[in-house]
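Data first, discussion second: the structure below is written as structure tokens.
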Amino acid sequence: MRKAFVIASALLLISFALQFVFAAVGAFTKPAGDGAYALHSVNGMAVIPVLTLLTILLAVLAKAPGRLIGLTILPLGLVVVQALMAGLANGSTDAAGASTPLGLTIAGLHAVNGIVAVHVVVGVLRGARKLADPTPADGTQVAAREGAPA
């Protein structure tokens, strides 16, 4: 289970990295139609949440420490915040449908939240790797939850 936890964490990190690529695709698509952000939307609203849930399940099954399980759950909350920010940014337009300073600020925070999520997933992947290989160079063991195989 621990190796599966590492693999799922790595796939989740790859999916988050691709999310930035897909955002850039949407931003640079000319002419920008309704489908410009389709890959970004599908990845962010379907792939990332499913991979996050799988990673959480594997963390629990791998008997990861509670702190690591909590860290593994955090991206799910950040994805919910992302969706809320995207909706608020898109809804913050003037009467002509043009972006407002408030909407642009929220959109900028959407990007910052994405960066935070990537850093959290990097931490999850590091934790999963330590759990899968619990013998560091100094010979100490990484603590796992009670009953977990070493």
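Each chain in the structure tokens gets a letter, A, B, ..., in the order shown, and its residues are numbered from 1; ligands are numbered from 1 in order too.
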
Original post:
Residues at most 12 Å from A:Val118, counting only C-alpha atoms, excluding those fewer than 4 positions away in the same chain, as number ranges by chain?
Top reply: A: 9-10, 12-20, 48, 71-72, 74-76, 78-79, 111-114, 122-125

Could you dump the residues just selected with C-alpha atoms as a compact mmCIF listing (two decimals), in the first residue's frame?
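Dumped to result_16.txt:
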```txt
# COMPACT_ATOMS: atom_id res chain seq x y z
CA SER A 9 0.87 11.15 -4.74
CA ALA A 10 3.15 11.46 -7.77
CA LEU A 12 -1.59 13.92 -8.14
CA LEU A 13 1.44 16.20 -8.36
CA ILE A 14 1.65 15.63 -12.12
CA SER A 15 -2.05 16.46 -12.45
CA PHE A 16 -1.56 19.70 -10.49
CA ALA A 17 1.42 20.62 -12.68
CA LEU A 18 -0.65 19.95 -15.79
CA GLN A 19 -3.33 22.23 -14.35
CA PHE A 20 -0.98 25.18 -14.84
CA ILE A 48 -7.66 16.20 -9.32
CA LEU A 71 -1.89 16.92 4.76
CA THR A 72 -3.24 14.51 2.14
CA LEU A 74 -5.84 19.42 2.45
CA PRO A 75 -5.72 19.53 -1.40
CA LEU A 76 -9.39 18.55 -1.50
CA LEU A 78 -8.02 23.79 -1.64
CA VAL A 79 -9.79 22.50 -4.77
CA ALA A 111 -3.53 31.28 -9.05
CA VAL A 112 -1.85 31.74 -5.65
CA ASN A 113 -4.12 29.09 -4.13
CA GLY A 114 -3.05 26.76 -6.94
CA VAL A 122 4.91 18.09 -2.83
CA GLY A 123 4.81 17.66 0.95
CA VAL A 124 2.43 14.72 0.60
CA LEU A 125 4.72 13.07 -1.94
```

Original post:
Residues at most 12 Å from stretch 80-82 of chain A, counting only C-alpha atoms, excluding those fewer than 6 positions away in the same chain, as JSON, numbers by chain?
Top reply: {"A": [19, 40, 41, 44, 45, 46, 48, 49, 52, 73, 74, 88, 89, 106, 107, 108, 109, 110, 111, 112, 113, 114, 115, 116, 117]}

Selection export as a PDB file, in the first residue's frame, atoms kept: N, CA and C atoms:
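Result written to again07.pdb:
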```pdb
ATOM      1  N   GLN A  19      -2.288  21.220 -14.526  1.00  0.00           N
ATOM      2  CA  GLN A  19      -3.328  22.228 -14.353  1.00  0.00           C
ATOM      3  C   GLN A  19      -2.814  23.614 -14.751  1.00  0.00           C
ATOM      4  N   HIS A  40      -8.481  22.601 -18.421  1.00  0.00           N
ATOM      5  CA  HIS A  40      -8.262  23.115 -17.072  1.00  0.00           C
ATOM      6  C   HIS A  40      -9.460  22.775 -16.184  1.00  0.00           C
ATOM      7  N   SER A  41     -10.649  22.955 -16.705  1.00  0.00           N
ATOM      8  CA  SER A  41     -11.871  22.672 -15.933  1.00  0.00           C
ATOM      9  C   SER A  41     -12.029  21.188 -15.637  1.00  0.00           C
ATOM     10  N   GLY A  44      -9.325  20.057 -13.181  1.00  0.00           N
ATOM     11  CA  GLY A  44      -9.518  20.629 -11.856  1.00  0.00           C
ATOM     12  C   GLY A  44     -10.773  20.165 -11.140  1.00  0.00           C
ATOM     13  N   MET A  45     -11.811  19.865 -11.889  1.00  0.00           N
ATOM     14  CA  MET A  45     -13.085  19.506 -11.264  1.00  0.00           C
ATOM     15  C   MET A  45     -13.341  17.998 -11.231  1.00  0.00           C
ATOM     16  N   ALA A  46     -12.560  17.226 -11.976  1.00  0.00           N
ATOM     17  CA  ALA A  46     -12.779  15.771 -11.999  1.00  0.00           C
ATOM     18  C   ALA A  46     -11.507  14.993 -11.657  1.00  0.00           C
ATOM     19  N   ILE A  48      -8.337  15.880 -10.583  1.00  0.00           N
ATOM     20  CA  ILE A  48      -7.659  16.195  -9.322  1.00  0.00           C
ATOM     21  C   ILE A  48      -8.467  15.726  -8.110  1.00  0.00           C
ATOM     22  N   PRO A  49      -9.782  15.991  -8.047  1.00  0.00           N
ATOM     23  CA  PRO A  49     -10.529  15.481  -6.885  1.00  0.00           C
ATOM     24  C   PRO A  49     -10.508  13.951  -6.768  1.00  0.00           C
ATOM     25  N   THR A  52      -7.120  12.945  -5.591  1.00  0.00           N
ATOM     26  CA  THR A  52      -6.970  13.320  -4.186  1.00  0.00           C
ATOM     27  C   THR A  52      -7.666  12.306  -3.293  1.00  0.00           C
ATOM     28  N   ILE A  73      -5.424  15.268   2.914  1.00  0.00           N
ATOM     29  CA  ILE A  73      -6.806  15.740   2.766  1.00  0.00           C
ATOM     30  C   ILE A  73      -6.848  17.206   2.319  1.00  0.00           C
ATOM     31  N   LEU A  74      -5.853  17.981   2.708  1.00  0.00           N
ATOM     32  CA  LEU A  74      -5.845  19.417   2.446  1.00  0.00           C
ATOM     33  C   LEU A  74      -6.067  19.801   0.978  1.00  0.00           C
ATOM     34  N   LEU A  88     -16.424  33.224  -8.291  1.00  0.00           N
ATOM     35  CA  LEU A  88     -16.477  34.631  -7.872  1.00  0.00           C
ATOM     36  C   LEU A  88     -15.764  35.538  -8.876  1.00  0.00           C
ATOM     37  N   ALA A  89     -14.617  35.106  -9.369  1.00  0.00           N
ATOM     38  CA  ALA A  89     -13.877  35.911 -10.343  1.00  0.00           C
ATOM     39  C   ALA A  89     -14.682  36.075 -11.625  1.00  0.00           C
ATOM     40  N   ILE A 106      -9.469  38.435  -7.363  1.00  0.00           N
ATOM     41  CA  ILE A 106      -9.878  37.069  -6.999  1.00  0.00           C
ATOM     42  C   ILE A 106      -9.225  36.059  -7.939  1.00  0.00           C
ATOM     43  N   ALA A 107      -9.155  36.384  -9.222  1.00  0.00           N
ATOM     44  CA  ALA A 107      -8.500  35.492 -10.185  1.00  0.00           C
ATOM     45  C   ALA A 107      -7.027  35.307  -9.833  1.00  0.00           C
ATOM     46  N   GLY A 108      -6.378  36.392  -9.405  1.00  0.00           N
ATOM     47  CA  GLY A 108      -4.983  36.287  -8.983  1.00  0.00           C
ATOM     48  C   GLY A 108      -4.833  35.404  -7.762  1.00  0.00           C
ATOM     49  N   LEU A 109      -5.774  35.519  -6.823  1.00  0.00           N
ATOM     50  CA  LEU A 109      -5.743  34.656  -5.635  1.00  0.00           C
ATOM     51  C   LEU A 109      -6.005  33.198  -6.002  1.00  0.00           C
ATOM     52  N   HIS A 110      -6.787  32.985  -7.060  1.00  0.00           N
ATOM     53  CA  HIS A 110      -7.028  31.629  -7.582  1.00  0.00           C
ATOM     54  C   HIS A 110      -5.685  31.007  -7.985  1.00  0.00           C
ATOM     55  N   ALA A 111      -4.849  31.785  -8.646  1.00  0.00           N
ATOM     56  CA  ALA A 111      -3.530  31.284  -9.050  1.00  0.00           C
ATOM     57  C   ALA A 111      -2.643  31.021  -7.836  1.00  0.00           C
ATOM     58  N   VAL A 112      -2.665  31.921  -6.859  1.00  0.00           N
ATOM     59  CA  VAL A 112      -1.852  31.745  -5.652  1.00  0.00           C
ATOM     60  C   VAL A 112      -2.298  30.493  -4.893  1.00  0.00           C
ATOM     61  N   ASN A 113      -3.601  30.285  -4.785  1.00  0.00           N
ATOM     62  CA  ASN A 113      -4.118  29.088  -4.126  1.00  0.00           C
ATOM     63  C   ASN A 113      -3.647  27.824  -4.853  1.00  0.00           C
ATOM     64  N   GLY A 114      -3.571  27.890  -6.170  1.00  0.00           N
ATOM     65  CA  GLY A 114      -3.050  26.756  -6.940  1.00  0.00           C
ATOM     66  C   GLY A 114      -1.595  26.464  -6.609  1.00  0.00           C
ATOM     67  N   ILE A 115      -0.814  27.510  -6.435  1.00  0.00           N
ATOM     68  CA  ILE A 115       0.595  27.341  -6.055  1.00  0.00           C
ATOM     69  C   ILE A 115       0.692  26.704  -4.668  1.00  0.00           C
ATOM     70  N   VAL A 116      -0.136  27.169  -3.751  1.00  0.00           N
ATOM     71  CA  VAL A 116      -0.157  26.588  -2.403  1.00  0.00           C
ATOM     72  C   VAL A 116      -0.498  25.097  -2.484  1.00  0.00           C
ATOM     73  N   ALA A 117      -1.494  24.760  -3.302  1.00  0.00           N
ATOM     74  CA  ALA A 117      -1.905  23.358  -3.448  1.00  0.00           C
ATOM     75  C   ALA A 117      -0.749  22.501  -3.960  1.00  0.00           C
TER      76      ALA A 117
END
```

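Take atom CA of A:Ala98 and atom CA of A:Leu39: the distance between them is 23.5 Å.
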
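Taking atom CA of A:Thr93 and atom CA of A:Val21 as endpoints, the distance between them is 25.4 Å.
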
Subject >> Distance query A:Gly35 at most 12 Å, only C-alpha atoms, self and fewer than 5 positions along chain excluded, as number ranges by chain >> reply: A: 22-23, 25-27, 29-30, 40-42

Residues as selected, C-alpha atoms, written as a CSV table (one decimal), in the first residue's frame, can you do that?
```
chain,number,residue,atom,x,y,z
A,22,PHE,CA,-4.0,23.8,-19.1
A,23,ALA,CA,-4.6,27.3,-17.6
A,25,VAL,CA,-3.5,26.9,-22.9
A,26,GLY,CA,-6.8,28.6,-22.1
A,27,ALA,CA,-5.1,32.0,-21.6
A,29,THR,CA,-5.9,30.3,-27.1
A,30,LYS,CA,-7.0,32.7,-29.8
A,40,HIS,CA,-8.3,23.1,-17.1
A,41,SER,CA,-11.9,22.7,-15.9
A,42,VAL,CA,-12.0,18.9,-16.4
```

**OP:** Determine the nearest neighbour of A:Gly91 from the options A:Leu104, A:Pro65, A:Val6, A:Pro31, counting only C-alpha atoms.
**Re:** A:Leu104

**OP:** Using only C-alpha atoms, pick whichever of A:Thr100, A:Leu68, A:Ala4, A:Thr105 has the shortest atom-to-atom distance to A:Met85.
**Re:** A:Thr105

Original post:
stretch 8-148 of chain A: which residues are alpha helix (DSSP H) by DSSP, as number ranges by chain?
Top reply: A: 8-28, 38-42, 48-61, 66-91, 101-132

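As for atom CA of A:Arg2 and atom CA of A:Val47, they are spaced 21.4 Å apart.
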
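Ranking A:Ala38, A:Ala32, A:Ala24, A:Leu131 by their shortest atom-to-atom distance to A:Ala59, with only C-alpha atoms included, puts A:Leu131 first.
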